[in-house]
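**Q** The following file, input_35.tsv, comprises TSV, C-alpha atoms:
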chain	number	residue	atom	x	y	z
A	296	MET	CA	9.14	-20.83	4.02
A	297	ILE	CA	5.77	-22.24	4.85
A	298	ASP	CA	4.10	-20.69	1.79
A	299	ALA	CA	6.89	-21.36	-0.73
A	300	GLY	CA	4.68	-23.96	-2.42
A	301	LEU	CA	1.87	-21.46	-2.90
A	302	TYR	CA	4.39	-18.89	-4.11
A	303	ARG	CA	5.66	-21.36	-6.72
A	304	GLU	CA	2.12	-22.24	-7.84
A	305	VAL	CA	1.24	-18.58	-8.33
A	306	THR	CA	4.46	-17.71	-10.15
A	307	ASP	CA	4.22	-20.81	-12.36
A	308	PHE	CA	0.68	-19.85	-13.29
A	309	ALA	CA	1.78	-16.25	-13.96
A	310	TRP	CA	4.63	-17.48	-16.15
A	311	SER	CA	2.17	-19.50	-18.23
A	312	GLN	CA	-0.18	-16.56	-18.82
A	313	HIS	CA	1.88	-14.44	-21.23
A	314	TRP	CA	-1.11	-12.30	-22.21
A	315	LEU	CA	-1.40	-10.95	-18.65
A	316	ALA	CA	2.30	-10.39	-17.95
A	317	GLY	CA	2.51	-6.79	-19.16
A	318	ILE	CA	-0.60	-5.68	-17.33
A	319	ALA	CA	0.40	-7.44	-14.12
A	320	THR	CA	3.96	-6.15	-14.05
A	321	THR	CA	2.95	-2.57	-14.89
A	322	PHE	CA	0.24	-2.55	-12.22
A	323	SER	CA	2.48	-4.23	-9.65
A	324	GLU	CA	5.39	-1.87	-10.19
A	325	TYR	CA	3.64	1.45	-10.82
A	326	GLY	CA	0.08	1.10	-9.54
A	327	VAL	CA	1.13	2.36	-6.13
A	328	PHE	CA	1.63	5.82	-7.68
A	329	LEU	CA	-2.11	6.03	-8.37
A	330	VAL	CA	-2.61	6.98	-4.73
A	331	ALA	CA	-1.06	10.43	-5.32
A	332	PRO	CA	-3.83	11.93	-7.50
A	333	VAL	CA	-6.48	10.53	-5.14
A	334	ILE	CA	-4.74	12.14	-2.17
A	335	LEU	CA	-4.51	15.46	-4.02
A	336	ALA	CA	-8.21	15.33	-4.92
A	337	LEU	CA	-9.08	14.40	-1.34
A	338	LEU	CA	-7.08	17.29	0.11
A	339	TRP	CA	-8.52	19.69	-2.47
A	340	ARG	CA	-12.08	18.70	-1.52
A	341	ALA	CA	-11.36	18.88	2.21
A	342	ARG	CA	-9.77	22.34	2.17
A	343	THR	CA	-13.13	24.09	2.47
A	344	ARG	CA	-14.98	21.58	4.63
A	345	GLY	CA	-13.58	22.50	8.01
A	346	PRO	CA	-10.81	21.29	10.31
A	347	ALA	CA	-12.23	17.82	10.91
A	348	ALA	CA	-12.47	17.09	7.18
A	349	LEU	CA	-9.03	18.53	6.52
A	350	ALA	CA	-7.51	16.54	9.39
A	351	ALA	CA	-9.09	13.32	8.17
A	352	ALA	CA	-7.84	13.96	4.63
A	353	ALA	CA	-4.37	14.92	5.87
A	354	TRP	CA	-4.18	11.65	7.78
A	355	VAL	CA	-4.14	9.69	4.49
A	356	PRO	CA	-0.65	10.79	3.35
A	357	ILE	CA	0.57	10.87	6.96
A	358	ALA	CA	-0.59	7.27	7.43
A	359	ILE	CA	1.32	6.23	4.32
A	360	ALA	CA	4.51	7.87	5.61
A	361	VAL	CA	4.13	6.30	9.07
A	362	ALA	CA	3.36	2.89	7.57
A	363	LEU	CA	6.47	3.10	5.36
A	364	ALA	CA	8.58	3.97	8.39
A	365	VAL	CA	7.22	0.96	10.29
A	366	ASP	CA	7.78	-1.19	7.19
A	367	THR	CA	11.41	-0.05	6.96
A	368	VAL	CA	12.05	-1.04	10.57
A	369	LEU	CA	10.35	-4.43	10.13
A	370	LYS	CA	12.31	-5.15	6.95
A	371	SER	CA	15.61	-4.50	8.73
A	372	VAL	CA	14.59	-6.57	11.76
A	373	PHE	CA	13.39	-9.63	9.83
A	374	ALA	CA	15.77	-9.33	6.84
A	375	GLU	CA	13.81	-11.91	4.85
A	376	VAL	CA	15.46	-12.64	1.53
A	377	ARG	CA	13.22	-12.31	-1.53
A	378	PRO	CA	11.58	-15.60	-2.51
A	379	CYS	CA	12.97	-15.34	-6.04
A	380	ARG	CA	16.43	-15.75	-4.45
A	381	VAL	CA	15.40	-18.66	-2.21
A	382	VAL	CA	12.91	-20.84	-4.10
A	383	PRO	CA	14.94	-22.89	-6.59
A	384	GLY	CA	14.06	-22.76	-10.29
A	385	VAL	CA	11.28	-20.19	-9.91
A	386	HIS	CA	10.33	-18.05	-12.91
A	387	THR	CA	9.23	-14.51	-12.09
A	388	LEU	CA	7.71	-11.81	-14.26
A	389	LEU	CA	9.94	-9.14	-12.75
A	390	PRO	CA	13.69	-9.34	-12.21
A	391	CYS	CA	14.61	-10.31	-8.69
A	392	ASP	CA	15.48	-7.38	-6.45
A	393	PRO	CA	18.98	-7.11	-4.96
A	394	PRO	CA	19.77	-9.33	-1.95
A	395	ALA	CA	19.70	-6.40	0.50
A	396	ASP	CA	16.19	-5.39	-0.63
A	397	TYR	CA	14.25	-7.52	1.81
A	398	ALA	CA	10.80	-8.97	1.30
A	399	PHE	CA	8.99	-8.93	4.65
A	400	PRO	CA	6.63	-7.11	4.75
A	401	SER	CA	5.67	-5.99	1.24
A	402	ASN	CA	6.13	-2.22	1.13
A	403	HIS	CA	3.81	-1.84	-1.88
A	404	THR	CA	1.08	-3.56	0.13
A	405	VAL	CA	1.86	-1.53	3.25
A	406	VAL	CA	1.41	1.70	1.28
A	407	VAL	CA	-1.85	0.77	-0.42
A	408	ALA	CA	-3.35	-0.79	2.72
A	409	ALA	CA	-2.55	2.32	4.80
A	410	PHE	CA	-3.98	4.44	2.00
A	411	ALA	CA	-7.15	2.35	1.72
A	412	VAL	CA	-7.99	2.20	5.42
A	413	ALA	CA	-7.15	5.86	6.05
A	414	LEU	CA	-9.25	6.79	3.00
A	415	LEU	CA	-12.09	4.61	4.25
A	416	LEU	CA	-12.23	6.81	7.36
A	417	VAL	CA	-12.68	9.88	5.16
A	418	ASN	CA	-14.89	8.64	2.34
A	419	ARG	CA	-16.54	5.23	2.57
A	420	LYS	CA	-17.14	4.88	-1.18
A	421	TRP	CA	-13.60	5.85	-2.20
A	422	GLY	CA	-12.24	3.75	0.66
A	423	LEU	CA	-14.04	0.61	-0.46
A	424	TRP	CA	-12.63	1.02	-3.97
A	425	ALA	CA	-9.21	1.58	-2.42
A	426	LEU	CA	-9.54	-1.65	-0.42
A	427	VAL	CA	-10.20	-3.55	-3.66
A	428	PHE	CA	-7.17	-1.79	-5.14
A	429	ALA	CA	-5.05	-2.79	-2.11
A	430	VAL	CA	-6.06	-6.45	-2.36
A	431	LEU	CA	-5.27	-6.49	-6.08
A	432	MET	CA	-1.90	-4.85	-5.42
A	433	GLY	CA	-1.05	-7.46	-2.81
A	434	ILE	CA	-2.01	-10.31	-5.13
A	435	SER	CA	0.02	-8.73	-7.93
A	436	ARG	CA	3.16	-8.66	-5.77
A	437	VAL	CA	3.01	-12.44	-5.39
A	438	TYR	CA	1.93	-12.90	-9.01
A	439	VAL	CA	5.02	-11.11	-10.38
A	440	GLY	CA	7.28	-13.06	-8.01
A	441	ALA	CA	8.38	-10.22	-5.71
A	442	HIS	CA	6.90	-11.60	-2.47
A	443	TYR	CA	5.70	-14.63	-0.60
A	444	PRO	CA	1.99	-14.54	0.31
A	445	HIS	CA	2.87	-13.97	3.98
A	446	ASP	CA	4.86	-10.84	3.03
A	447	VAL	CA	1.73	-9.42	1.45
A	448	LEU	CA	-0.51	-10.45	4.34
A	449	ALA	CA	1.87	-8.84	6.83
A	450	GLY	CA	2.04	-5.71	4.66
A	451	PHE	CA	-1.73	-5.51	4.64
A	452	VAL	CA	-1.94	-5.90	8.43
A	453	VAL	CA	0.75	-3.26	9.05
A	454	GLY	CA	-0.66	-0.78	6.55
A	455	ALA	CA	-4.28	-1.27	7.64
A	456	GLY	CA	-3.29	-0.98	11.29
A	457	VAL	CA	-1.51	2.30	10.73
A	458	GLY	CA	-4.37	3.59	8.56
A	459	ALA	CA	-6.87	2.73	11.31
A	460	LEU	CA	-4.94	4.91	13.76
A	461	GLY	CA	-6.76	7.75	12.05
A	462	LEU	CA	-9.62	7.03	14.43
A	463	VAL	CA	-7.35	8.14	17.26
A	464	VAL	CA	-5.38	10.97	15.65
A	465	ARG	CA	-8.20	12.68	13.74
A	466	GLU	CA	-9.24	14.95	16.63
A	467	PRO	CA	-5.69	16.10	17.53
A	468	LEU	CA	-5.03	16.73	13.82
A	469	ALA	CA	-8.22	18.79	13.57
A	470	LYS	CA	-7.13	20.91	16.55
A	471	ALA	CA	-3.71	21.40	14.97
A	472	ALA	CA	-5.36	22.37	11.67
A	473	VAL	CA	-7.35	25.09	13.44
A	474	ARG	CA	-4.17	26.51	15.01
A	475	LEU	CA	-1.96	26.23	11.92
A	476	ILE	CA	-4.36	27.18	9.16
A	477	PRO	CA	-6.46	30.19	10.10
A	478	ALA	CA	-8.68	29.91	7.00
A	479	VAL	CA	-9.80	26.46	8.11
A	480	SER	CA	-11.15	27.79	11.40
A	481	GLY	CA	-12.90	30.72	9.75
A	482	ARG	CA	-10.41	33.32	11.01
A	483	LYS	CA	-8.72	35.75	8.67
A	484	ALA	CA	-5.01	35.44	8.12
Before we go any further, please render this structure as structure tokens.

**A**
Amino acid sequence: MIDAGLYREVTDFAWSQHWLAGIATTFSEYGVFLVAPVILALLWRARTRGPAALAAAAWVPIAIAVALAVDTVLKSVFAEVRPCRVVPGVHTLLPCDPPADYAFPSNHTVVVAAFAVALLLVNRKWGLWALVFAVLMGISRVYVGAHYPHDVLAGFVVGAGVGALGLVVREPLAKAAVRLIPAVSGRKA
């Protein structure tokens, strides 16, 4: 791979920084789950703010699901073996995933990038923090040895692209919210 040298440099550095290993591996493995409480808070806030707000908030988890579906297809098409299985003598902070668990694109990065961009469309302040979170997640995936840098970059592009589709689907979602949830449109159930 073109970025195998950079991958090795990052993983060698990570291996030498024992003090950061626990934090990095915990964040890299489980940080993606931090999106759930944010989504719940977002939906809770949007429930009384009208169909447009509810549709925009609903797009966040929908974007994640769509981005994961696209990621699954891309992984099966490209079938890129994890770098920890290809780069000789590399030391990783996490055990190498099974051979059939492909690397391209990074699904952790796809999720957090879709989350961040979709959230940015709803709440600029929360979205900017989420973008920082997404960048850190992508870096952590290379740092722990799970992905090449290009896997992360592709994951960010895919996730951000799907998240940005919220600009197009927000209005149809708002119309659907009015039809499906009478309380949102001000009608009694």

**Q** My list of candidates is A:Ala341, A:Val453, A:Val385, A:Val439. Which is closest to Val406 in chain A when distances are computed with all atoms listed in the file?

**A**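 Looking only at the distances to Val406 in chain A, the closest residue turns out to be A:Val453.
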
**Q** Quick one: everything within 12 Å of Val452 in chain A, counting all atoms listed in the file, minus sequence neighbours fewer than 6 positions away in the same chain. Send it as a PyMOL selection string.

**A** chain A and resi 362+365-366+399-402+404-409+411-412+429-430+433+445-446+458-459

**Q** Using only C-alpha atoms, find the one residue out of A:Val464, A:Ala319, A:Asp392, A:Lys370 that sits nearest to Ala358 in chain A.

**A** A:Val464

**Q** Padding 5 Å on each side, edges along x, y and z: where is the centre of the box around the listed atoms of range 401-411 of chain A, and how long are its edges in Å to one decimal? Output it as JSON.

**A**
{"center_x": -0.5, "center_y": -0.8, "center_z": 1.5, "size_x": 23.3, "size_y": 20.4, "size_z": 16.7}

**Q** Counting all atoms listed in the file, figure out which residue out of A:Val417, A:Ala455, A:Leu388, A:Leu448 gets nearest to Ala353 in chain A.

**A**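 Under the stated criterion, the closest residue is A:Val417.
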
**Q** Excluding same-chain residues fewer than 4 positions from Ala351 in chain A, what lies within 12 Å of it counting only C-alpha atoms, as a PyMOL selection string?

**A** chain A and resi 334+337-338+340-342+344-347+355-358+410+412-418+458-472

**Q** Could you take the residues named above and write them with C-alpha atoms, as a PDB file, in the coordinates of the input?

**A**
ATOM      1  CA  ILE A 334      -4.740  12.140  -2.170  1.00  0.00           C
ATOM      2  CA  LEU A 337      -9.080  14.400  -1.340  1.00  0.00           C
ATOM      3  CA  LEU A 338      -7.080  17.290   0.110  1.00  0.00           C
ATOM      4  CA  ARG A 340     -12.080  18.700  -1.520  1.00  0.00           C
ATOM      5  CA  ALA A 341     -11.360  18.880   2.210  1.00  0.00           C
ATOM      6  CA  ARG A 342      -9.770  22.340   2.170  1.00  0.00           C
ATOM      7  CA  ARG A 344     -14.980  21.580   4.630  1.00  0.00           C
ATOM      8  CA  GLY A 345     -13.580  22.500   8.010  1.00  0.00           C
ATOM      9  CA  PRO A 346     -10.810  21.290  10.310  1.00  0.00           C
ATOM     10  CA  ALA A 347     -12.230  17.820  10.910  1.00  0.00           C
ATOM     11  CA  VAL A 355      -4.140   9.690   4.490  1.00  0.00           C
ATOM     12  CA  PRO A 356      -0.650  10.790   3.350  1.00  0.00           C
ATOM     13  CA  ILE A 357       0.570  10.870   6.960  1.00  0.00           C
ATOM     14  CA  ALA A 358      -0.590   7.270   7.430  1.00  0.00           C
ATOM     15  CA  PHE A 410      -3.980   4.440   2.000  1.00  0.00           C
ATOM     16  CA  VAL A 412      -7.990   2.200   5.420  1.00  0.00           C
ATOM     17  CA  ALA A 413      -7.150   5.860   6.050  1.00  0.00           C
ATOM     18  CA  LEU A 414      -9.250   6.790   3.000  1.00  0.00           C
ATOM     19  CA  LEU A 415     -12.090   4.610   4.250  1.00  0.00           C
ATOM     20  CA  LEU A 416     -12.230   6.810   7.360  1.00  0.00           C
ATOM     21  CA  VAL A 417     -12.680   9.880   5.160  1.00  0.00           C
ATOM     22  CA  ASN A 418     -14.890   8.640   2.340  1.00  0.00           C
ATOM     23  CA  GLY A 458      -4.370   3.590   8.560  1.00  0.00           C
ATOM     24  CA  ALA A 459      -6.870   2.730  11.310  1.00  0.00           C
ATOM     25  CA  LEU A 460      -4.940   4.910  13.760  1.00  0.00           C
ATOM     26  CA  GLY A 461      -6.760   7.750  12.050  1.00  0.00           C
ATOM     27  CA  LEU A 462      -9.620   7.030  14.430  1.00  0.00           C
ATOM     28  CA  VAL A 463      -7.350   8.140  17.260  1.00  0.00           C
ATOM     29  CA  VAL A 464      -5.380  10.970  15.650  1.00  0.00           C
ATOM     30  CA  ARG A 465      -8.200  12.680  13.740  1.00  0.00           C
ATOM     31  CA  GLU A 466      -9.240  14.950  16.630  1.00  0.00           C
ATOM     32  CA  PRO A 467      -5.690  16.100  17.530  1.00  0.00           C
ATOM     33  CA  LEU A 468      -5.030  16.730  13.820  1.00  0.00           C
ATOM     34  CA  ALA A 469      -8.220  18.790  13.570  1.00  0.00           C
ATOM     35  CA  LYS A 470      -7.130  20.910  16.550  1.00  0.00           C
ATOM     36  CA  ALA A 471      -3.710  21.400  14.970  1.00  0.00           C
ATOM     37  CA  ALA A 472      -5.360  22.370  11.670  1.00  0.00           C
TER      38      ALA A 472
END

**Q** Could you check which of A:Val447, A:Ala364, A:Val457, A:Leu431 is closest to Tyr302 in chain A, using all atoms listed in the file?

**A** A:Val447

**Q** Could you give me, as a ChimeraX atom specification, the residues that have an atom at most 12 Å away from the point (0.8, -20.6, -10.5) in the coordinates of the file, using all atoms listed in the file?

**A** /A:299-312,385-388,434,437-440

**Q** Output C-alpha atoms of each residue in that selection to a file, as a compact mmCIF listing (two decimals), in the coordinates of the input.

**A**
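In the end it all went to again_13.txt:
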# COMPACT_ATOMS: atom_id res chain seq x y z
CA ALA A 299 6.89 -21.36 -0.73
CA GLY A 300 4.68 -23.96 -2.42
CA LEU A 301 1.87 -21.46 -2.90
CA TYR A 302 4.39 -18.89 -4.11
CA ARG A 303 5.66 -21.36 -6.72
CA GLU A 304 2.12 -22.24 -7.84
CA VAL A 305 1.24 -18.58 -8.33
CA THR A 306 4.46 -17.71 -10.15
CA ASP A 307 4.22 -20.81 -12.36
CA PHE A 308 0.68 -19.85 -13.29
CA ALA A 309 1.78 -16.25 -13.96
CA TRP A 310 4.63 -17.48 -16.15
CA SER A 311 2.17 -19.50 -18.23
CA GLN A 312 -0.18 -16.56 -18.82
CA VAL A 385 11.28 -20.19 -9.91
CA HIS A 386 10.33 -18.05 -12.91
CA THR A 387 9.23 -14.51 -12.09
CA LEU A 388 7.71 -11.81 -14.26
CA ILE A 434 -2.01 -10.31 -5.13
CA VAL A 437 3.01 -12.44 -5.39
CA TYR A 438 1.93 -12.90 -9.01
CA VAL A 439 5.02 -11.11 -10.38
CA GLY A 440 7.28 -13.06 -8.01

**Q** I'd like to know which of A:Gly454, A:Val376, A:Pro394, A:Arg436 is closest to Gly326 in chain A, using all atoms listed in the file.

**A**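 Of A:Gly454, A:Val376, A:Pro394, A:Arg436, the one nearest Gly326 in chain A is A:Arg436, counting all atoms listed in the file.
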